[in-house]
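Visitor: Sending over structure_36.csv (CSV, C-alpha atoms and all ligand atoms).
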chain,number,residue,atom,x,y,z
A,1,MET,CA,10.7,-11.5,8.1
A,2,LEU,CA,7.8,-9.3,9.0
A,3,ILE,CA,6.6,-6.6,6.6
A,4,ALA,CA,3.9,-4.1,7.6
A,5,GLN,CA,1.8,-2.3,5.0
A,6,ILE,CA,-0.1,0.9,5.6
A,7,SER,CA,-2.2,2.4,2.8
A,8,ASP,CA,-4.5,5.3,2.0
A,9,THR,CA,-3.8,7.4,5.1
A,10,HIS,CA,-5.3,10.5,3.3
A,11,ILE,CA,-3.8,12.9,5.8
A,12,ALA,CA,-5.2,16.5,5.8
A,13,GLU,CA,-3.8,19.7,7.2
A,14,HIS,CA,-2.4,19.6,10.8
A,15,GLY,CA,-5.2,19.2,13.3
A,16,HIS,CA,-7.9,18.8,10.6
A,17,LYS,CA,-10.1,15.8,10.0
A,18,THR,CA,-10.0,14.5,6.4
A,19,LEU,CA,-13.1,15.8,4.5
A,20,GLY,CA,-14.1,17.3,7.8
A,21,ILE,CA,-15.0,14.0,9.4
A,22,ALA,CA,-12.4,11.2,9.2
A,23,PRO,CA,-9.8,11.4,12.1
A,24,MET,CA,-7.0,10.1,9.9
A,25,GLN,CA,-4.1,11.7,11.8
A,26,ALA,CA,-5.2,10.1,15.1
A,27,ASN,CA,-5.8,6.9,13.3
A,28,LEU,CA,-2.3,6.9,11.8
A,29,ARG,CA,-0.8,7.5,15.2
A,30,ARG,CA,-2.7,4.5,16.5
A,31,VAL,CA,-1.5,2.4,13.6
A,32,VAL,CA,2.1,3.5,14.1
A,33,ALA,CA,1.9,2.6,17.8
A,34,HIS,CA,0.3,-0.8,17.0
A,35,ILE,CA,3.0,-1.7,14.5
A,36,ASN,CA,5.7,-0.6,16.9
A,37,GLN,CA,4.3,-3.1,19.5
A,38,GLN,CA,4.5,-6.1,17.2
A,39,ASP,CA,6.4,-9.1,18.5
A,40,PRO,CA,8.5,-10.1,16.6
A,41,ALA,CA,9.1,-6.5,15.5
A,42,ALA,CA,8.3,-5.4,11.9
A,43,ASP,CA,11.5,-5.4,9.8
A,44,VAL,CA,10.1,-2.8,7.4
A,45,VAL,CA,7.0,-0.8,6.7
A,46,LEU,CA,5.6,-0.2,3.2
A,47,ILE,CA,3.2,2.7,2.6
A,48,SER,CA,1.3,2.1,-0.6
A,49,GLY,CA,0.1,5.6,-1.6
A,50,ASP,CA,-2.6,8.2,-1.0
A,51,VAL,CA,-0.5,9.4,1.9
A,52,THR,CA,-2.3,12.7,1.7
A,53,ASP,CA,-5.7,13.8,0.7
A,54,ASN,CA,-4.8,16.5,-1.7
A,55,GLY,CA,-1.0,16.1,-2.3
A,56,THR,CA,0.0,19.5,-0.8
A,57,PRO,CA,3.5,19.9,0.8
A,58,GLU,CA,1.8,20.8,4.1
A,59,GLN,CA,-0.2,17.6,4.2
A,60,MET,CA,2.9,15.6,3.2
A,61,ALA,CA,4.9,17.1,6.0
A,62,ASN,CA,2.1,16.4,8.4
A,63,ALA,CA,2.1,12.7,7.4
A,64,ALA,CA,5.9,12.5,7.6
A,65,ARG,CA,5.9,13.8,11.1
A,66,ILE,CA,3.6,11.0,12.2
A,67,LEU,CA,5.3,8.3,10.2
A,68,ALA,CA,8.6,9.4,11.8
A,69,GLY,CA,7.3,7.6,14.9
A,70,LEU,CA,7.8,4.2,13.3
A,71,ASN,CA,10.6,2.1,14.8
A,72,ALA,CA,11.2,0.2,11.5
A,73,PRO,CA,12.5,1.7,8.3
A,74,PHE,CA,9.7,2.6,5.9
A,75,PHE,CA,9.3,3.1,2.2
A,76,VAL,CA,6.7,5.2,0.4
A,77,ILE,CA,5.2,5.3,-3.1
A,78,PRO,CA,2.6,7.8,-4.3
A,79,GLY,CA,-1.1,7.4,-4.9
A,80,ASN,CA,-3.5,9.4,-7.1
A,81,HIS,CA,-4.2,11.8,-4.2
A,82,ASP,CA,-0.4,12.6,-3.8
A,83,THR,CA,1.9,14.6,-6.0
A,84,ARG,CA,5.3,13.1,-6.8
A,85,ALA,CA,7.1,16.3,-6.2
A,86,ALA,CA,5.7,16.9,-2.7
A,87,LEU,CA,6.3,13.2,-1.8
A,88,TRP,CA,9.9,13.2,-3.1
A,89,SER,CA,10.8,16.5,-1.5
A,90,GLU,CA,9.4,15.5,1.9
A,91,PHE,CA,10.6,11.9,2.1
A,92,GLY,CA,13.6,12.0,-0.2
A,93,ALA,CA,16.0,9.1,-0.7
A,94,ALA,CA,15.5,7.6,2.8
A,95,ALA,CA,11.9,6.5,2.0
A,96,CYS,CA,12.1,6.7,-1.9
A,97,PRO,CA,15.5,5.4,-2.7
A,98,SER,CA,15.5,6.1,-6.4
A,99,ARG,CA,13.6,7.6,-9.4
A,100,VAL,CA,13.4,6.5,-13.0
A,101,ASP,CA,12.9,9.7,-15.1
A,102,ASP,CA,10.0,11.4,-13.2
A,103,PHE,CA,8.7,8.2,-11.6
A,104,ILE,CA,9.5,7.0,-8.1
A,105,ALA,CA,10.7,3.4,-8.6
A,106,TYR,CA,13.2,1.5,-6.5
A,107,VAL,CA,14.4,-1.8,-5.2
A,108,VAL,CA,15.1,-2.5,-1.5
A,109,ASP,CA,17.6,-5.2,-1.0
A,110,GLY,CA,19.0,-6.5,2.2
A,111,PHE,CA,16.0,-8.3,3.6
A,112,ASP,CA,14.9,-11.9,3.1
A,113,MET,CA,12.5,-10.7,0.4
A,114,ARG,CA,13.4,-8.3,-2.4
A,115,LEU,CA,11.0,-5.3,-2.3
A,116,ILE,CA,10.2,-3.3,-5.4
A,117,GLY,CA,8.3,0.0,-5.1
A,118,LEU,CA,6.7,1.3,-8.2
A,119,ASP,CA,4.9,4.5,-9.0
A,120,SER,CA,1.6,3.7,-10.8
A,121,THR,CA,0.2,7.2,-10.9
A,122,ILE,CA,-0.9,9.5,-13.7
A,123,PRO,CA,-0.6,13.2,-12.7
A,124,ASN,CA,-4.1,14.7,-12.2
A,125,ALA,CA,-5.9,11.5,-12.9
A,126,SER,CA,-7.4,8.8,-10.7
A,127,GLY,CA,-6.5,5.7,-12.7
A,128,GLY,CA,-3.3,3.7,-12.8
A,129,GLU,CA,-0.6,3.3,-15.4
A,130,LEU,CA,2.6,1.6,-16.0
A,131,CYS,CA,4.1,3.0,-19.2
A,132,ASP,CA,6.9,1.4,-21.2
A,133,THR,CA,9.6,3.2,-19.2
A,134,ARG,CA,8.3,1.7,-15.9
A,135,LEU,CA,7.6,-1.7,-17.4
A,136,ASP,CA,11.0,-2.0,-18.9
A,137,TRP,CA,12.6,-0.9,-15.7
A,138,LEU,CA,10.6,-3.5,-13.7
A,139,GLU,CA,11.4,-6.3,-16.1
A,140,ALA,CA,15.1,-5.5,-15.9
A,141,ARG,CA,15.0,-5.5,-12.1
A,142,LEU,CA,13.2,-8.8,-12.0
A,143,ALA,CA,15.6,-10.3,-14.4
A,144,GLU,CA,18.5,-9.4,-12.1
A,145,ALA,CA,17.4,-11.8,-9.4
A,146,PRO,CA,14.7,-14.2,-10.8
A,147,SER,CA,15.0,-16.7,-8.0
A,148,ARG,CA,14.9,-14.2,-5.1
A,149,PRO,CA,11.5,-14.1,-3.4
A,150,THR,CA,10.1,-10.7,-4.4
A,151,LEU,CA,7.3,-8.3,-3.4
A,152,ILE,CA,6.1,-5.6,-5.7
A,153,PHE,CA,4.2,-2.7,-4.1
A,154,MET,CA,2.3,0.0,-6.0
A,155,HIS,CA,-0.9,2.1,-5.4
A,156,HIS,CA,-3.2,0.8,-8.1
A,157,PRO,CA,-4.3,-2.8,-8.3
A,158,PRO,CA,-3.7,-4.1,-11.9
A,159,VAL,CA,-6.9,-6.2,-11.7
A,160,LYS,CA,-10.5,-5.1,-11.6
A,161,CYS,CA,-11.6,-5.6,-8.0
A,162,GLY,CA,-15.4,-5.3,-8.6
A,163,VAL,CA,-15.4,-1.6,-7.4
A,164,LEU,CA,-17.3,0.6,-9.8
A,165,GLU,CA,-15.2,3.7,-9.6
A,166,THR,CA,-11.8,2.2,-9.7
A,167,ASP,CA,-12.7,-0.4,-12.2
A,168,GLN,CA,-13.9,2.4,-14.5
A,169,ASP,CA,-10.8,4.4,-13.9
A,170,GLY,CA,-8.7,1.4,-15.1
A,171,PHE,CA,-5.0,0.6,-15.3
A,172,ILE,CA,-3.2,1.4,-18.5
A,173,GLY,CA,-0.5,-1.2,-19.1
A,174,ALA,CA,-2.0,-3.9,-16.9
A,175,ASP,CA,-1.9,-6.5,-19.7
A,176,GLN,CA,1.8,-5.9,-20.4
A,177,LEU,CA,2.5,-6.0,-16.6
A,178,GLY,CA,0.7,-9.3,-16.4
A,179,LYS,CA,2.9,-10.8,-19.1
A,180,ILE,CA,6.0,-9.8,-17.2
A,181,ILE,CA,4.7,-11.1,-13.9
A,182,ALA,CA,3.8,-14.4,-15.4
A,183,ARG,CA,7.4,-14.9,-16.4
A,184,PHE,CA,8.7,-14.4,-12.8
A,185,PRO,CA,7.2,-16.8,-10.3
A,186,CYS,CA,9.5,-15.2,-7.7
A,187,VAL,CA,6.9,-12.4,-7.4
A,188,GLU,CA,5.0,-13.7,-4.3
A,189,ARG,CA,2.6,-10.7,-4.0
A,190,VAL,CA,1.7,-7.5,-5.7
A,191,LEU,CA,0.7,-5.3,-2.8
A,192,CYS,CA,-1.6,-2.4,-3.6
A,193,GLY,CA,-4.0,0.1,-1.9
A,194,HIS,CA,-6.4,2.5,-3.6
A,195,ILE,CA,-9.8,0.7,-3.1
A,196,HIS,CA,-9.9,1.1,0.7
A,197,LEU,CA,-10.9,-2.6,1.1
A,198,ALA,CA,-8.9,-5.7,1.8
A,199,THR,CA,-9.0,-8.1,-1.1
A,200,PHE,CA,-7.0,-10.9,-2.5
A,201,THR,CA,-7.0,-11.9,-6.2
A,202,GLY,CA,-5.1,-14.7,-8.0
A,203,TRP,CA,-3.4,-13.2,-11.1
A,204,GLN,CA,-0.7,-14.3,-13.4
A,205,GLY,CA,0.7,-16.8,-11.0
A,206,THR,CA,0.9,-14.4,-8.1
A,207,ILE,CA,-1.6,-12.8,-5.6
A,208,VAL,CA,-2.7,-9.2,-5.9
A,209,ALA,CA,-3.6,-8.0,-2.4
A,210,THR,CA,-5.2,-4.6,-1.6
A,211,CYS,CA,-4.7,-3.1,1.9
A,212,PRO,CA,-7.5,-1.5,3.8
A,213,SER,CA,-7.4,2.2,4.6
A,214,ILE,CA,-6.7,3.4,8.1
A,215,GLY,CA,-10.3,4.3,8.7
A,216,MET,CA,-12.1,5.3,5.5
A,217,ARG,CA,-13.6,2.0,4.4
A,218,LEU,CA,-15.2,1.9,1.0
A,219,GLY,CA,-18.9,0.9,1.1
A,220,LEU,CA,-19.0,-2.5,-0.5
A,221,ASP,CA,-21.4,-2.5,-3.5
A,222,LEU,CA,-21.2,-5.8,-5.3
A,223,SER,CA,-24.1,-4.7,-7.6
A,224,MET,CA,-21.7,-2.0,-9.0
A,225,THR,CA,-24.5,0.5,-9.5
A,226,LYS,CA,-24.1,3.0,-6.6
A,227,GLU,CA,-21.8,6.0,-6.3
A,228,SER,CA,-18.8,5.5,-4.1
A,229,GLU,CA,-19.2,6.2,-0.4
A,230,PHE,CA,-17.0,5.6,2.6
A,231,LEU,CA,-17.7,4.5,6.2
A,232,LEU,CA,-15.7,5.6,9.2
A,233,ASP,CA,-14.0,2.5,10.4
A,234,ASP,CA,-11.4,1.3,12.8
A,235,PRO,CA,-8.0,1.7,11.2
A,236,GLY,CA,-6.7,-1.3,9.4
A,237,TYR,CA,-3.3,-2.3,8.0
A,238,MET,CA,-1.6,-5.5,6.8
A,239,LEU,CA,1.2,-7.8,8.1
A,240,HIS,CA,3.0,-10.0,5.5
A,241,HIS,CA,4.9,-12.6,7.5
A,242,LYS,CA,7.6,-14.7,5.9
A,243,SER,CA,7.6,-17.7,8.1
A,244,ASP,CA,10.7,-19.7,9.1
A,245,GLN,CA,9.5,-22.3,6.5
A,246,GLY,CA,9.7,-19.6,3.8
A,247,VAL,CA,5.9,-19.2,3.4
A,248,LEU,CA,4.5,-15.7,3.0
A,249,ILE,CA,1.3,-15.3,5.0
A,250,SER,CA,-0.7,-12.1,4.8
A,251,HIS,CA,-2.8,-10.9,7.7
A,252,VAL,CA,-5.4,-8.1,7.8
A,253,ILE,CA,-5.0,-6.2,11.2
A,254,ARG,CA,-7.7,-4.1,12.6
A,255,VAL,CA,-6.9,-1.6,15.3
A,256,GLY,CA,-10.0,-1.5,17.4
A,257,ASN,CA,-11.2,-1.8,20.9
A,258,ASP,CA,-11.1,-5.6,21.1
A,259,ASP,CA,-12.8,-7.5,23.9
A,260,GLY,CA,-10.5,-10.2,25.1
A,261,PRO,CA,-8.3,-12.2,24.7
A,262,TYR,CA,-10.2,-15.2,26.2
A,263,PRO,CA,-8.9,-18.8,26.3
A,264,PHE,CA,-10.7,-21.4,24.2
A,265,ALA,CA,-12.5,-22.7,27.2
A,266,PRO,CA,-15.9,-22.1,28.8
A,267,GLN,CA,-16.0,-18.7,30.4
A,268,GLY,CA,-17.6,-17.8,33.7
A,301,FE,FE,-7.3,6.3,-1.3
A,302,FE,FE,-6.1,6.0,-4.6
As structure tokens - that is how I would like this structure written.
Ligand SMILES: [Fe+2]
Ligand SMILES: [Fe+2]

Guide:
Amino acid sequence: MLIAQISDTHIAEHGHKTLGIAPMQANLRRVVAHINQQDPAADVVLISGDVTDNGTPEQMANAARILAGLNAPFFVIPGNHDTRAALWSEFGAAACPSRVDDFIAYVVDGFDMRLIGLDSTIPNASGGELCDTRLDWLEARLAEAPSRPTLIFMHHPPVKCGVLETDQDGFIGADQLGKIIARFPCVERVLCGHIHLATFTGWQGTIVATCPSIGMRLGLDLSMTKESEFLLDDPGYMLHHKSDQGVLISHVIRVGNDDGPYPFAPQG
């Protein structure tokens, strides 16, 4: 099974660069084309939030037009730059199969892995949260199929990734989530976005992975003293490949102007 993950597309109004400089619409088209060319083909695409830059219906419709070019079915959850209402009204049940109260939360069955999409946003705030409603729902879903290999995807990583701004914004309910995850070793990954960097962290018996953005890479500041800045970068995305042996391998894919391929033999 091949799962592609796209994150933090930050799409602006039609024909406009994000923040006046980042060509995110062109980048998303390149990523869609790149995923469509994968062999074997991707079975499903997960979009882990910050679909838009400001959450307006126009931006959401603009993103949806580009994502409609994906050959594989895709599923979306909101990030802190999105609004639930705009996301739900644009993508509807096809890409967000269900809601729990106001929250977008759903299970996708029918693949080799069970996919659980979870809304970790707080309206008008940057940080993440899983309240009791969402935690209870998640625990009940995991208890339904405790031996099925499962992926959870949500926008905010529930761990501090060593990024000043997002670590300060925090994640309400992360400890309670960790206690639930620890009881379900079937959770092979918690797939997130938000920090615009590819990272992997062992946590509660699983791996929390954050997906790169499609072209707005966070400036890495391990001193955690500087204000957040981004660099224009080649678009990135992730492939999570469940091998025939049942092992889940995560790849970070960069869509750039590669030189090659060359055989592993002296050239020229
Ligand atoms: Fe983002
Ligand atoms: Fe975010």

Visitor: Quick one: residues within 12 Å of Leu142 in chain A, all atoms listed in the file counted, chain neighbours fewer than 6 positions away excluded, as a PDB file with C-alpha atoms, keeping the file's coordinate frame?

Guide:
ATOM      1  CA  TYR A 106      13.200   1.500  -6.500  1.00  0.00           C
ATOM      2  CA  VAL A 107      14.400  -1.800  -5.200  1.00  0.00           C
ATOM      3  CA  ARG A 114      13.400  -8.300  -2.400  1.00  0.00           C
ATOM      4  CA  LEU A 115      11.000  -5.300  -2.300  1.00  0.00           C
ATOM      5  CA  ILE A 116      10.200  -3.300  -5.400  1.00  0.00           C
ATOM      6  CA  LEU A 135       7.600  -1.700 -17.400  1.00  0.00           C
ATOM      7  CA  ASP A 136      11.000  -2.000 -18.900  1.00  0.00           C
ATOM      8  CA  ARG A 148      14.900 -14.200  -5.100  1.00  0.00           C
ATOM      9  CA  PRO A 149      11.500 -14.100  -3.400  1.00  0.00           C
ATOM     10  CA  THR A 150      10.100 -10.700  -4.400  1.00  0.00           C
ATOM     11  CA  LEU A 151       7.300  -8.300  -3.400  1.00  0.00           C
ATOM     12  CA  ILE A 152       6.100  -5.600  -5.700  1.00  0.00           C
ATOM     13  CA  LEU A 177       2.500  -6.000 -16.600  1.00  0.00           C
ATOM     14  CA  ILE A 180       6.000  -9.800 -17.200  1.00  0.00           C
ATOM     15  CA  ILE A 181       4.700 -11.100 -13.900  1.00  0.00           C
ATOM     16  CA  ALA A 182       3.800 -14.400 -15.400  1.00  0.00           C
ATOM     17  CA  ARG A 183       7.400 -14.900 -16.400  1.00  0.00           C
ATOM     18  CA  PHE A 184       8.700 -14.400 -12.800  1.00  0.00           C
ATOM     19  CA  PRO A 185       7.200 -16.800 -10.300  1.00  0.00           C
ATOM     20  CA  CYS A 186       9.500 -15.200  -7.700  1.00  0.00           C
ATOM     21  CA  VAL A 187       6.900 -12.400  -7.400  1.00  0.00           C
TER      22      VAL A 187
END

Visitor: Produce as a list in words the set of residues near ligand FE 301 (chain A), where near means within 6 Å with all atoms listed in the file considered.

Guide: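 So, counting all atoms listed in the file, the residues near ligand FE 301 (chain A) are Asp8, Asp50 and His194 of chain A.
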
Visitor: Kindly indicate which residue among A:Arg29, A:His196, A:His16, A:Arg141 lies nearest to ligand FE 302 (chain A), using only C-alpha atoms and all ligand atoms for the distances.

Guide: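 Among A:Arg29, A:His196, A:His16, A:Arg141, it is A:His196 that comes nearest to ligand FE 302 (chain A).
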
Visitor: Just want the residues within 8 Å of ligand FE 302 (chain A), written as a PyMOL selection string, counting only C-alpha atoms and all ligand atoms.

Guide: chain A and resi 8+49-50+79-81+126+155-156+193-195

Visitor: Can you tell me how far CA of Ala86 in chain A sits from CA of Thr210 in chain A, in Å to one decimal?

Guide: 24.1 Å

Visitor: Using only C-alpha atoms, which residues sit within 12 Å of Phe171 in chain A once same-chain residues fewer than 3 positions away are excluded, as JSON, numbers by chain?

Guide: {"A": [120, 121, 122, 125, 126, 127, 128, 129, 130, 131, 154, 155, 156, 157, 158, 159, 160, 161, 166, 167, 168, 174, 175, 176, 177, 178, 194]}

Visitor: Hey, can you check how far CA of Val51 in chain A sits from CA of Gly236 in chain A?

Guide: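 Separation between CA of Val51 in chain A and CA of Gly236 in chain A: 14.5 Å.
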
Visitor: Nearest residue to Gly117 in chain A out of A:Arg134, A:Lys242, A:Arg30, A:Arg217, using all atoms listed in the file?

Guide: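 Using all atoms listed in the file, the shortest distance to Gly117 in chain A belongs to A:Arg134.
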
Visitor: Go ahead and compute the interatomic distance for CA of Leu232 in chain A and CA of Ala33 in chain A, in Å to one decimal.

Guide: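 Straight-line distance from CA of Leu232 in chain A to CA of Ala33 in chain A works out to 19.8 Å.
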
Visitor: Any idea what's packed within 10 Å of Gly55 in chain A, counting all atoms listed in the file, ignoring anything in its chain fewer than 2 positions away? Could you give it as a ChimeraX atom specification?

Guide: /A:10-12,50-53,57-60,78-87

Visitor: Rank A:Thr206, A:Ser228, A:Gln25, A:Gln38 by their smallest atom-to-atom distance to Glu188 in chain A, using only C-alpha atoms, and report the top residue only.

Guide: A:Thr206

Visitor: Measuring atom to atom with only C-alpha atoms, identify which of A:Asn27, A:Ala61, A:Leu70, A:Ser250 is nearest to Glu90 in chain A.

Guide: A:Ala61

Visitor: Name all residues at most 10 Å from Ile6 in chain A (count all atoms listed in the file; drop same-chain ones fewer than 2 positions away) and give them as a ChimeraX atom specification.

Guide: /A:4,8-9,28,31-32,35,45-49,51,74,76,192-193,211-214,235-239

Visitor: Within 9 Å of Glu227 in chain A, counting only C-alpha atoms, which residues show up once you throw out same-chain ones fewer than 4 positions away? Write them as an MDAnalysis selection string, please.

Guide: chainID A and resid 164:165 221

Visitor: Using all atoms listed in the file, pick whichever of A:Gln245, A:Asp259, A:Arg254, A:Phe230 has the shortest atom-to-atom distance to Leu19 in chain A.

Guide: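 For Leu19 in chain A, the nearest of the candidates is A:Phe230.
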
Visitor: When distances are computed from all atoms listed in the file, which of A:Pro23, A:Gly173, A:Pro123, A:Pro40 shows the smallest separation from Ser243 in chain A?

Guide: A:Pro40

Visitor: For a cutoff of 8 Å around the file-coordinate point (-0.5, -12.6, -4.0), which residues qualify once you count all atoms listed in the file? I'd like the result as a list in words.

Guide: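 These residues have at least one counted atom within 8 Å: Glu188, Arg189, Val190, Leu191, Phe200, Thr201, Gly202, Trp203, Thr206, Ile207, Val208 and Ala209 of chain A.
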
Visitor: Would you put the residues from that selection into a file with C-alpha atoms, as a PDB file, keeping the file's coordinate frame?

Guide:
ATOM      1  CA  GLU A 188       5.000 -13.700  -4.300  1.00  0.00           C
ATOM      2  CA  ARG A 189       2.600 -10.700  -4.000  1.00  0.00           C
ATOM      3  CA  VAL A 190       1.700  -7.500  -5.700  1.00  0.00           C
ATOM      4  CA  LEU A 191       0.700  -5.300  -2.800  1.00  0.00           C
ATOM      5  CA  PHE A 200      -7.000 -10.900  -2.500  1.00  0.00           C
ATOM      6  CA  THR A 201      -7.000 -11.900  -6.200  1.00  0.00           C
ATOM      7  CA  GLY A 202      -5.100 -14.700  -8.000  1.00  0.00           C
ATOM      8  CA  TRP A 203      -3.400 -13.200 -11.100  1.00  0.00           C
ATOM      9  CA  THR A 206       0.900 -14.400  -8.100  1.00  0.00           C
ATOM     10  CA  ILE A 207      -1.600 -12.800  -5.600  1.00  0.00           C
ATOM     11  CA  VAL A 208      -2.700  -9.200  -5.900  1.00  0.00           C
ATOM     12  CA  ALA A 209      -3.600  -8.000  -2.400  1.00  0.00           C
TER      13      ALA A 209
END
